[in-house]
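As provided, work10.cif (mmCIF, C-alpha atoms) reads as follows.
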data_protein
loop_
_atom_site.group_PDB
_atom_site.id
_atom_site.type_symbol
_atom_site.label_atom_id
_atom_site.label_comp_id
_atom_site.auth_asym_id
_atom_site.auth_seq_id
_atom_site.Cartn_x
_atom_site.Cartn_y
_atom_site.Cartn_z
ATOM 1 C CA MET A 1 216.232 177.008 30.903
ATOM 2 C CA THR A 2 218.552 174.570 32.651
ATOM 3 C CA GLY A 3 217.301 171.842 34.951
ATOM 4 C CA SER A 4 216.077 172.871 38.355
ATOM 5 C CA PRO A 5 218.653 172.444 41.168
ATOM 6 C CA THR A 6 215.718 171.788 43.510
ATOM 7 C CA VAL A 7 214.664 168.753 41.479
ATOM 8 C CA ARG A 8 218.275 167.545 41.208
ATOM 9 C CA ARG A 9 218.721 167.791 44.999
ATOM 10 C CA ARG A 10 215.516 165.841 45.519
ATOM 11 C CA ARG A 11 216.569 163.151 43.032
ATOM 12 C CA LEU A 12 219.977 162.706 44.671
ATOM 13 C CA ALA A 13 218.436 162.612 48.151
ATOM 14 C CA ALA A 14 216.125 159.759 47.130
ATOM 15 C CA ALA A 15 219.011 157.831 45.547
ATOM 16 C CA LEU A 16 221.285 158.205 48.580
ATOM 17 C CA ARG A 17 218.554 157.154 50.993
ATOM 18 C CA ARG A 18 217.656 154.121 48.849
ATOM 19 C CA LEU A 19 221.299 153.036 48.456
ATOM 20 C CA ARG A 20 222.000 153.358 52.181
ATOM 21 C CA GLU A 21 218.926 151.330 53.087
ATOM 22 C CA GLN A 22 219.918 148.635 50.580
ATOM 23 C CA THR A 23 223.216 148.170 52.421
ATOM 24 C CA GLY A 24 221.428 147.852 55.757
ATOM 25 C CA MET A 25 223.553 150.690 57.106
ATOM 26 C CA THR A 26 222.093 153.176 59.596
ATOM 27 C CA ALA A 27 222.368 156.925 59.087
ATOM 28 C CA ASP A 28 224.646 157.105 62.112
ATOM 29 C CA GLN A 29 227.005 154.467 60.663
ATOM 30 C CA ALA A 30 227.142 156.196 57.272
ATOM 31 C CA ALA A 31 227.788 159.560 58.895
ATOM 32 C CA LYS A 32 230.742 158.220 60.897
ATOM 33 C CA GLU A 33 232.275 156.574 57.833
ATOM 34 C CA VAL A 34 232.363 159.789 55.789
ATOM 35 C CA GLY A 35 233.064 162.127 58.685
ATOM 36 C CA ILE A 36 229.826 164.113 58.907
ATOM 37 C CA SER A 37 227.062 164.276 61.502
ATOM 38 C CA LYS A 38 223.985 162.064 61.610
ATOM 39 C CA SER A 39 221.828 165.202 61.334
ATOM 40 C CA ALA A 40 223.689 166.118 58.124
ATOM 41 C CA ILE A 41 222.830 162.713 56.634
ATOM 42 C CA SER A 42 219.194 163.302 57.593
ATOM 43 C CA ARG A 43 219.116 166.752 55.973
ATOM 44 C CA ILE A 44 220.779 165.399 52.820
ATOM 45 C CA GLU A 45 218.364 162.462 52.519
ATOM 46 C CA ASN A 46 215.357 164.742 53.085
ATOM 47 C CA ALA A 47 216.593 167.155 50.375
ATOM 48 C CA GLN A 48 216.823 169.973 52.902
ATOM 49 C CA VAL A 49 220.394 170.811 51.890
ATOM 50 C CA SER A 50 222.648 170.251 48.889
ATOM 51 C CA VAL A 51 225.452 167.741 49.353
ATOM 52 C CA MET A 52 229.041 168.632 48.521
ATOM 53 C CA PRO A 53 230.277 166.544 45.552
ATOM 54 C CA PRO A 54 233.158 164.980 47.568
ATOM 55 C CA VAL A 55 230.710 163.924 50.289
ATOM 56 C CA ALA A 56 228.348 162.523 47.653
ATOM 57 C CA ARG A 57 231.226 160.512 46.140
ATOM 58 C CA GLY A 58 232.266 159.231 49.564
ATOM 59 C CA LEU A 59 228.721 158.082 50.372
ATOM 60 C CA LEU A 60 228.259 156.433 46.992
ATOM 61 C CA GLU A 61 231.510 154.513 47.276
ATOM 62 C CA LEU A 62 230.599 153.548 50.835
ATOM 63 C CA TYR A 63 227.333 152.095 49.504
ATOM 64 C CA GLY A 64 229.180 150.043 46.882
ATOM 65 C CA VAL A 65 228.351 152.144 43.823
ATOM 66 C CA GLU A 66 231.041 152.051 41.148
ATOM 67 C CA GLY A 67 232.174 153.515 37.837
ATOM 68 C CA GLU A 68 229.895 155.613 35.642
ATOM 69 C CA GLU A 69 226.998 155.534 38.125
ATOM 70 C CA VAL A 70 229.165 157.301 40.705
ATOM 71 C CA ASP A 71 230.228 159.943 38.178
ATOM 72 C CA ALA A 72 226.637 160.490 37.046
ATOM 73 C CA LEU A 73 225.319 160.973 40.581
ATOM 74 C CA VAL A 74 228.232 163.221 41.568
ATOM 75 C CA GLN A 75 227.323 165.384 38.560
ATOM 76 C CA VAL A 76 223.757 165.536 39.898
ATOM 77 C CA ALA A 77 225.256 166.772 43.179
ATOM 78 C CA ARG A 78 227.137 169.520 41.290
ATOM 79 C CA ASP A 79 223.983 170.519 39.378
ATOM 80 C CA ALA A 80 222.011 170.614 42.621
ATOM 81 C CA ARG A 81 224.368 173.279 43.979
ATOM 82 C CA LYS A 82 223.816 175.692 41.069
ATOM 83 C CA ARG A 83 221.650 178.749 41.551
ATOM 84 C CA GLY A 84 218.190 178.750 40.047
ATOM 85 C CA TRP A 85 216.898 181.924 38.344
ATOM 86 C CA TRP A 86 214.444 182.441 41.227
ATOM 87 C CA GLN A 87 217.255 182.908 43.732
ATOM 88 C CA ALA A 88 217.762 186.409 42.327
ATOM 89 C CA TYR A 89 214.499 187.162 44.182
ATOM 90 C CA ASP A 90 215.740 185.996 47.591
ATOM 91 C CA ASP A 91 214.776 189.385 49.025
ATOM 92 C CA VAL A 92 211.061 188.656 48.497
ATOM 93 C CA LEU A 93 211.022 184.844 48.188
ATOM 94 C CA PRO A 94 210.547 183.005 51.499
ATOM 95 C CA ASP A 95 212.472 179.756 51.953
ATOM 96 C CA TRP A 96 209.306 177.668 52.178
ATOM 97 C CA PHE A 97 208.097 178.913 48.781
ATOM 98 C CA GLU A 98 211.523 178.774 47.116
ATOM 99 C CA VAL A 99 211.261 174.977 47.149
ATOM 100 C CA TYR A 100 207.957 175.124 45.274
ATOM 101 C CA VAL A 101 209.226 177.519 42.601
ATOM 102 C CA GLY A 102 212.188 175.188 42.046
ATOM 103 C CA LEU A 103 209.852 172.211 41.589
ATOM 104 C CA GLU A 104 207.410 174.191 39.441
ATOM 105 C CA SER A 105 210.194 175.256 37.072
ATOM 106 C CA GLU A 106 210.779 171.668 35.927
ATOM 107 C CA ALA A 107 207.345 170.099 36.337
ATOM 108 C CA ALA A 108 205.878 168.350 33.306
ATOM 109 C CA GLU A 109 202.304 168.747 34.581
ATOM 110 C CA ILE A 110 200.631 170.657 37.405
ATOM 111 C CA ARG A 111 197.082 169.849 38.528
ATOM 112 C CA ALA A 112 195.768 172.522 40.854
ATOM 113 C CA PHE A 113 192.610 173.236 42.811
ATOM 114 C CA GLU A 114 191.985 176.805 43.985
ATOM 115 C CA PRO A 115 188.771 177.665 45.860
ATOM 116 C CA GLN A 116 189.559 181.361 46.351
ATOM 117 C CA LEU A 117 192.331 182.744 44.118
ATOM 118 C CA ILE A 118 193.579 182.305 40.577
ATOM 119 C CA PRO A 119 196.822 180.283 40.568
ATOM 120 C CA GLY A 120 199.981 182.368 40.177
ATOM 121 C CA LEU A 121 200.717 180.884 36.729
ATOM 122 C CA LEU A 122 197.455 182.361 35.385
ATOM 123 C CA GLN A 123 197.422 185.756 37.114
ATOM 124 C CA THR A 124 197.698 189.035 35.281
ATOM 125 C CA ALA A 125 200.125 191.596 36.696
ATOM 126 C CA ASP A 126 197.289 193.822 37.942
ATOM 127 C CA TYR A 127 195.517 190.917 39.651
ATOM 128 C CA ALA A 128 198.800 189.728 41.197
ATOM 129 C CA ARG A 129 199.535 193.231 42.476
ATOM 130 C CA ALA A 130 196.111 193.468 44.126
ATOM 131 C CA VAL A 131 196.506 190.057 45.805
ATOM 132 C CA ILE A 132 200.061 190.781 46.970
ATOM 133 C CA ARG A 133 199.053 194.185 48.316
ATOM 134 C CA ALA A 134 196.226 192.536 50.281
ATOM 135 C CA GLU A 135 198.599 189.892 51.679
ATOM 136 C CA HIS A 136 201.344 192.425 52.536
ATOM 137 C CA PRO A 137 199.555 195.696 53.378
ATOM 138 C CA ASP A 138 202.653 197.237 54.966
ATOM 139 C CA ALA A 139 205.045 196.381 52.120
ATOM 140 C CA ALA A 140 206.793 199.191 50.268
ATOM 141 C CA THR A 141 205.916 199.746 46.615
ATOM 142 C CA GLU A 142 209.327 198.446 45.532
ATOM 143 C CA GLU A 143 208.790 195.184 47.414
ATOM 144 C CA VAL A 144 205.331 194.723 45.898
ATOM 145 C CA ASN A 145 206.752 195.330 42.416
ATOM 146 C CA ARG A 146 209.495 192.749 43.022
ATOM 147 C CA ARG A 147 206.913 190.179 44.110
ATOM 148 C CA VAL A 148 204.819 190.893 41.014
ATOM 149 C CA GLU A 149 207.931 190.602 38.825
ATOM 150 C CA LEU A 150 208.714 187.211 40.355
ATOM 151 C CA ARG A 151 205.176 185.982 39.736
ATOM 152 C CA MET A 152 205.282 187.095 36.099
ATOM 153 C CA ARG A 153 208.727 185.512 35.666
ATOM 154 C CA ARG A 154 207.308 182.161 36.766
ATOM 155 C CA GLN A 155 204.910 182.344 33.815
ATOM 156 C CA ASN A 156 207.664 183.053 31.274
ATOM 157 C CA THR A 157 209.377 179.705 30.729
ATOM 158 C CA ASP A 158 210.639 178.058 27.546
ATOM 159 C CA THR A 159 208.853 174.782 28.328
ATOM 160 C CA PRO A 160 205.761 175.568 30.440
ATOM 161 C CA PRO A 161 204.154 172.602 32.197
ATOM 162 C CA LYS A 162 200.779 171.234 31.245
ATOM 163 C CA LEU A 163 198.324 172.936 33.564
ATOM 164 C CA TRP A 164 194.943 171.578 34.649
ATOM 165 C CA VAL A 165 193.109 173.880 37.054
ATOM 166 C CA VAL A 166 189.775 173.538 38.854
ATOM 167 C CA LEU A 167 188.442 176.876 40.162
ATOM 168 C CA ASP A 168 185.510 177.799 42.381
ATOM 169 C CA GLU A 169 182.765 179.814 40.630
ATOM 170 C CA ALA A 170 182.849 182.468 43.372
ATOM 171 C CA PHE A 171 185.870 183.942 41.578
ATOM 172 C CA GLN A 172 184.966 186.735 39.092
ATOM 173 C CA ALA A 173 188.236 188.620 38.256
ATOM 174 C CA GLN A 174 190.581 188.631 35.237
ATOM 175 C CA LEU A 175 188.105 186.632 33.149
ATOM 176 C CA ARG A 176 189.567 187.547 29.776
ATOM 177 C CA ARG A 177 192.934 186.084 30.761
ATOM 178 C CA LEU A 178 191.200 182.880 31.822
ATOM 179 C CA ALA A 179 189.344 182.707 28.504
ATOM 180 C CA GLU A 180 192.625 183.077 26.624
ATOM 181 C CA GLU A 181 194.364 180.447 28.736
ATOM 182 C CA ALA A 182 191.488 177.980 28.311
ATOM 183 C CA ASP A 183 192.122 177.978 24.533
ATOM 184 C CA ARG A 184 195.884 177.400 24.782
ATOM 185 C CA PRO A 185 197.347 173.923 24.149
ATOM 186 C CA GLY A 186 198.286 172.198 27.388
ATOM 187 C CA ARG A 187 195.847 174.295 29.444
ATOM 188 C CA THR A 188 192.644 172.868 30.921
ATOM 189 C CA ILE A 189 190.424 175.064 33.101
ATOM 190 C CA GLN A 190 187.260 173.808 34.807
ATOM 191 C CA ILE A 191 184.815 175.751 36.971
ATOM 192 C CA LEU A 192 183.353 174.158 40.084
ATOM 193 C CA THR A 193 179.892 175.719 39.995
ATOM 194 C CA PHE A 194 177.685 176.639 42.920
ATOM 195 C CA GLY A 195 175.294 173.874 41.861
ATOM 196 C CA ALA A 196 177.971 171.207 42.285
ATOM 197 C CA GLY A 197 177.191 170.976 45.999
ATOM 198 C CA GLU A 198 179.722 169.571 48.433
ATOM 199 C CA TYR A 199 183.008 168.293 47.070
ATOM 200 C CA GLY A 200 186.291 166.850 48.291
ATOM 201 C CA SER A 201 188.947 169.251 49.615
ATOM 202 C CA MET A 202 186.360 171.897 50.555
ATOM 203 C CA GLY A 203 188.259 175.144 51.046
ATOM 204 C CA SER A 204 191.735 173.587 50.770
ATOM 205 C CA ALA A 205 193.907 174.555 47.811
ATOM 206 C CA PHE A 206 196.595 172.157 46.583
ATOM 207 C CA SER A 207 198.776 171.374 43.567
ATOM 208 C CA VAL A 208 199.978 167.986 42.329
ATOM 209 C CA LEU A 209 203.255 168.244 40.387
ATOM 210 C CA THR A 210 204.676 165.486 38.194
ATOM 211 C CA PHE A 211 208.022 165.477 36.394
ATOM 212 C CA PRO A 212 209.334 164.186 33.067
ATOM 213 C CA GLU A 213 212.011 161.938 34.617
ATOM 214 C CA PRO A 214 210.850 158.686 36.279
ATOM 215 C CA ALA A 215 213.584 159.216 38.884
ATOM 216 C CA ASP A 216 211.742 162.326 40.120
ATOM 217 C CA PRO A 217 208.587 161.220 41.981
ATOM 218 C CA GLY A 218 205.513 163.434 42.109
ATOM 219 C CA VAL A 219 204.873 165.838 44.953
ATOM 220 C CA VAL A 220 201.824 167.585 46.446
ATOM 221 C CA TYR A 221 202.172 171.220 47.480
ATOM 222 C CA VAL A 222 199.776 172.605 50.099
ATOM 223 C CA GLU A 223 200.180 176.263 51.072
ATOM 224 C CA THR A 224 199.029 177.773 54.376
ATOM 225 C CA ARG A 225 199.362 181.190 55.986
ATOM 226 C CA ALA A 226 202.167 179.822 58.156
ATOM 227 C CA GLY A 227 204.178 178.160 55.386
ATOM 228 C CA SER A 228 203.790 175.093 53.218
ATOM 229 C CA LEU A 229 203.680 171.303 53.162
ATOM 230 C CA TYR A 230 205.311 169.003 50.621
ATOM 231 C CA LEU A 231 203.732 165.559 50.523
ATOM 232 C CA GLU A 232 205.038 162.480 48.729
ATOM 233 C CA GLY A 233 204.336 158.785 48.192
ATOM 234 C CA GLN A 234 200.863 157.576 49.143
ATOM 235 C CA GLN A 235 199.661 161.127 49.741
ATOM 236 C CA VAL A 236 200.378 162.025 46.099
ATOM 237 C CA ARG A 237 198.080 159.181 45.065
ATOM 238 C CA GLU A 238 195.442 160.311 47.581
ATOM 239 C CA TYR A 239 195.462 163.927 46.361
ATOM 240 C CA SER A 240 195.410 162.711 42.760
ATOM 241 C CA ARG A 241 192.191 160.831 43.546
ATOM 242 C CA VAL A 242 190.742 163.982 45.143
ATOM 243 C CA PHE A 243 191.636 165.952 42.016
ATOM 244 C CA GLU A 244 190.004 163.324 39.783
ATOM 245 C CA HIS A 245 186.828 163.693 41.875
ATOM 246 C CA LEU A 246 186.959 167.481 41.476
ATOM 247 C CA VAL A 247 187.378 167.088 37.714
ATOM 248 C CA ALA A 248 184.331 164.814 37.582
ATOM 249 C CA THR A 249 182.269 167.200 39.753
ATOM 250 C CA ALA A 250 183.189 170.440 37.976
ATOM 251 C CA ALA A 251 181.745 171.687 34.706
ATOM 252 C CA SER A 252 183.557 170.258 31.691
ATOM 253 C CA ALA A 253 186.312 172.260 30.024
ATOM 254 C CA ARG A 254 183.913 173.295 27.224
ATOM 255 C CA GLU A 255 181.131 174.215 29.660
ATOM 256 C CA SER A 256 183.633 176.153 31.745
ATOM 257 C CA ARG A 257 184.767 178.176 28.709
ATOM 258 C CA ASP A 258 181.132 179.036 28.076
ATOM 259 C CA LEU A 259 180.692 180.101 31.715
ATOM 260 C CA ILE A 260 183.751 182.350 31.509
ATOM 261 C CA GLN A 261 182.658 183.897 28.210
ATOM 262 C CA GLY A 262 179.163 184.436 29.611
ATOM 263 C CA ALA A 263 180.583 186.206 32.669
ATOM 264 C CA ILE A 264 182.697 188.422 30.387
ATOM 265 C CA GLY A 265 179.568 189.341 28.453
ATOM 266 C CA GLU A 266 177.862 190.443 31.661
ATOM 267 C CA LEU A 267 180.630 192.909 32.594
#
Can you give me the file's structure in the form of structure tokens?
Amino acid sequence: MTGSPTVRRRRLAAALRRLREQTGMTADQAAKEVGISKSAISRIENAQVSVMPPVARGLLELYGVEGEEVDALVQVARDARKRGWWQAYDDVLPDWFEVYVGLESEAAEIRAFEPQLIPGLLQTADYARAVIRAEHPDAATEEVNRRVELRMRRQNTDTPPKLWVVLDEAFQAQLRRLAEEADRPGRTIQILTFGAGEYGSMGSAFSVLTFPEPADPGVVYVETRAGSLYLEGQQVREYSRVFEHLVATAASARESRDLIQGAIGEL
């Protein structure tokens, strides 16, 4: 699978913002120099839109970048404008979640906490269908099937990320799949038992994604009924500390496997 255009756009946005700030130039000044609006500069630097390669070259030259570095970053701009595989599902993929799928597709590691549902990367098709049907009760069967297909496609990558998941014990479905995943290399599953008492992030699911390239900083994804939040910088460190606390509070990976196997035996 080729690199994610979402990650490329994010990388270029960070580079352009850093280079502009190093020159001491304001967004308004840069915009006037290359003939675009100040709001366009803002959207580019916040990775909300892809930048046209000629505009990227103009900005880079304006900021004093030369030679091979310009060519390399302009190529990043070209790569950022390519379509990701997930864009074939635009009919059922909301814009706010498209960003996450693009980040997920190139993440090296995902650390997730889920107090209510199994994360999409671990769901069986039947479980996914039941969840999607509950979330979209008026959706046609074809739409539900497309959403399930997208969720299964996210699981089928050539280089899946390392996945470390902490789950609440209240969850009792698709246990055999969890048992299988817990034994796979690069998969760590821990159960936050009822006896653990209070813990950080009570009731709030989140994922911390990290990437193989140092130029791509980590990001926290928090999903709500109304959309999603993408947090960076200090908040990535804060959520990482919360996740470390959850890991310490939850049953160990071995104990969690035993809990899952025990629950299977009770079915």
- [ ] On this file, the PyMOL selection byres ((chain A and resi 217-224) around 8) gives some set of residues; write that set as a count of residues only.
- [x] 23
TODO: For each of A:Pro53, A:Gly67, A:Pro5, A:Pro185, take the minimum atom-to-atom distance to Gly102 of chain A, counting all atoms listed in the file, then give the residue where this is smallest.
DONE: A:Pro5
Please produce, as JSON lines, a per-residue contact table for segment 62-175 of chain A versus segment 9-12 of chain A (criterion: any atom at most 8 Å away, all atoms listed in the file considered), showing the nearest atom pair and its distance in Å to one decimal, sorted by chain then residue number.
{"residue": "A:Leu73", "atom": "CA", "partner": "A:Leu12", "partner_atom": "CA", "distance": 6.9}
{"residue": "A:Val76", "atom": "CA", "partner": "A:Leu12", "partner_atom": "CA", "distance": 6.7}
{"residue": "A:Ala77", "atom": "CA", "partner": "A:Leu12", "partner_atom": "CA", "distance": 6.8}
{"residue": "A:Ala80", "atom": "CA", "partner": "A:Arg9", "partner_atom": "CA", "distance": 4.9}
{"residue": "A:Arg81", "atom": "CA", "partner": "A:Arg9", "partner_atom": "CA", "distance": 7.9}
Open item on the list: Residue by residue, what does the PyMOL selection byres ((chain A and resi 88) around 12) grab here? Present the result as an MDAnalysis selection string.
Closed with: chainID A and resid 83:87 89:93 98 146:147 149:150 153
Using all atoms listed in the file, find each residue of segment 68-184 of chain A with at least one atom at most 7 Å away from an atom of segment 190-194 of chain A; report its shortest atom-to-atom pair and that distance in Å (one decimal), sort the rows by chain and rising residue number, and return the result as a tab-separated table.
residue	atom	partner	partner_atom	distance
A:Val165	CA	A:Gln190	CA	6.3
A:Val166	CA	A:Gln190	CA	4.8
A:Leu167	CA	A:Ile191	CA	5.0
A:Asp168	CA	A:Leu192	CA	4.8
A:Glu169	CA	A:Thr193	CA	5.0
For C-alpha atoms, I'd like the residues from the last selection saved as a tab-separated table (two decimals), keeping the file's coordinate frame.
chain	number	residue	atom	x	y	z
A	165	VAL	CA	193.11	173.88	37.05
A	166	VAL	CA	189.78	173.54	38.85
A	167	LEU	CA	188.44	176.88	40.16
A	168	ASP	CA	185.51	177.80	42.38
A	169	GLU	CA	182.76	179.81	40.63
Could you put an axis-aligned box around every listed atom of segment 241-250 of chain A, padded by 3 Å on each side, and send me its centre and edge lengths in Å to one decimal, as AutoDock Vina command-line options?
--center_x 187.2 --center_y 165.6 --center_z 41.4 --size_x 15.9 --size_y 15.6 --size_z 13.6
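Here the PyMOL selection byres ((chain A and resi 39-49) around 7) matches the residues A:Arg9, A:Arg10, A:Ala13, A:Ala14, A:Leu16, A:Arg17, A:Ala27, A:Ala31, A:Ile36, A:Ser37, A:Lys38, A:Ser50, A:Val51.
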From the block I gave, I'd like segment 81-91 of chain A written with all heavy atoms, as a compact mmCIF listing (two decimals), in the first residue's frame.
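Result went into result-v1.txt, see below:
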# COMPACT_ATOMS: atom_id res chain seq x y z
N ARG A 81 -1.84 14.88 -2.91
CA ARG A 81 -3.02 15.10 -3.74
C ARG A 81 -3.55 13.80 -4.36
O ARG A 81 -4.57 13.81 -5.04
CB ARG A 81 -2.72 16.12 -4.83
CG ARG A 81 -2.44 17.51 -4.26
CD ARG A 81 -2.17 18.52 -5.37
NE ARG A 81 -3.33 18.68 -6.24
CZ ARG A 81 -4.38 19.43 -5.94
NH1 ARG A 81 -4.45 20.08 -4.80
NH2 ARG A 81 -5.40 19.54 -6.79
N LYS A 82 -2.86 12.69 -4.12
CA LYS A 82 -3.33 11.40 -4.64
C LYS A 82 -4.53 10.92 -3.84
O LYS A 82 -4.74 11.32 -2.69
CB LYS A 82 -2.20 10.36 -4.59
CG LYS A 82 -1.02 10.70 -5.51
CD LYS A 82 0.07 9.66 -5.37
CE LYS A 82 1.25 9.99 -6.29
NZ LYS A 82 2.36 9.02 -6.12
N ARG A 83 -5.29 10.06 -4.43
CA ARG A 83 -6.46 9.49 -3.73
C ARG A 83 -6.05 8.29 -2.90
O ARG A 83 -5.31 7.42 -3.37
CB ARG A 83 -7.54 9.07 -4.74
CG ARG A 83 -8.28 10.25 -5.36
CD ARG A 83 -9.29 9.79 -6.37
NE ARG A 83 -10.30 8.91 -5.81
CZ ARG A 83 -11.41 9.32 -5.18
NH1 ARG A 83 -11.63 10.60 -5.02
NH2 ARG A 83 -12.28 8.45 -4.72
N GLY A 84 -6.51 8.25 -1.68
CA GLY A 84 -6.31 7.07 -0.85
C GLY A 84 -7.37 6.03 -1.17
O GLY A 84 -8.44 6.35 -1.69
N TRP A 85 -7.10 4.76 -0.85
CA TRP A 85 -8.06 3.69 -1.16
C TRP A 85 -9.43 3.96 -0.52
O TRP A 85 -10.47 3.58 -1.07
CB TRP A 85 -7.52 2.34 -0.69
CG TRP A 85 -7.32 2.21 0.80
CD1 TRP A 85 -6.17 2.35 1.49
CD2 TRP A 85 -8.33 1.93 1.77
NE1 TRP A 85 -6.38 2.19 2.84
CE2 TRP A 85 -7.71 1.92 3.04
CE3 TRP A 85 -9.71 1.68 1.70
CZ2 TRP A 85 -8.40 1.68 4.23
CZ3 TRP A 85 -10.40 1.44 2.89
CH2 TRP A 85 -9.75 1.44 4.13
N TRP A 86 -9.42 4.60 0.65
CA TRP A 86 -10.67 4.84 1.39
C TRP A 86 -11.60 5.83 0.69
O TRP A 86 -12.78 5.88 0.99
CB TRP A 86 -10.35 5.35 2.79
CG TRP A 86 -9.45 6.54 2.80
CD1 TRP A 86 -9.81 7.86 2.76
CD2 TRP A 86 -8.02 6.53 2.81
NE1 TRP A 86 -8.71 8.67 2.76
CE2 TRP A 86 -7.59 7.88 2.79
CE3 TRP A 86 -7.05 5.53 2.86
CZ2 TRP A 86 -6.24 8.23 2.80
CZ3 TRP A 86 -5.72 5.88 2.87
CH2 TRP A 86 -5.32 7.21 2.84
N GLN A 87 -11.06 6.61 -0.24
CA GLN A 87 -11.92 7.59 -0.91
C GLN A 87 -12.91 6.94 -1.87
O GLN A 87 -13.86 7.60 -2.32
CB GLN A 87 -11.04 8.63 -1.62
CG GLN A 87 -10.33 9.54 -0.61
CD GLN A 87 -9.35 10.49 -1.26
OE1 GLN A 87 -8.44 10.09 -1.97
NE2 GLN A 87 -9.53 11.78 -1.01
N ALA A 88 -12.73 5.65 -2.16
CA ALA A 88 -13.73 4.92 -2.93
C ALA A 88 -15.01 4.73 -2.12
O ALA A 88 -16.05 4.34 -2.67
CB ALA A 88 -13.17 3.56 -3.35
N TYR A 89 -14.93 5.01 -0.81
CA TYR A 89 -16.09 4.86 0.08
C TYR A 89 -16.64 6.22 0.49
O TYR A 89 -17.27 6.35 1.55
CB TYR A 89 -15.69 4.06 1.32
CG TYR A 89 -15.30 2.63 1.02
CD1 TYR A 89 -13.97 2.31 0.74
CD2 TYR A 89 -16.24 1.62 1.00
CE1 TYR A 89 -13.60 1.00 0.45
CE2 TYR A 89 -15.88 0.31 0.73
CZ TYR A 89 -14.56 0.01 0.45
OH TYR A 89 -14.20 -1.28 0.16
N ASP A 90 -16.43 7.24 -0.35
CA ASP A 90 -16.91 8.57 -0.02
C ASP A 90 -18.41 8.62 0.26
O ASP A 90 -18.90 9.48 0.99
CB ASP A 90 -16.59 9.55 -1.16
CG ASP A 90 -15.14 10.01 -1.12
OD1 ASP A 90 -14.47 9.74 -0.10
OD2 ASP A 90 -14.68 10.62 -2.10
N ASP A 91 -19.15 7.68 -0.34
CA ASP A 91 -20.61 7.68 -0.16
C ASP A 91 -21.03 7.35 1.26
O ASP A 91 -22.14 7.70 1.68
CB ASP A 91 -21.26 6.71 -1.15
CG ASP A 91 -20.71 5.29 -1.04
OD1 ASP A 91 -19.48 5.15 -0.80
OD2 ASP A 91 -21.48 4.34 -1.20
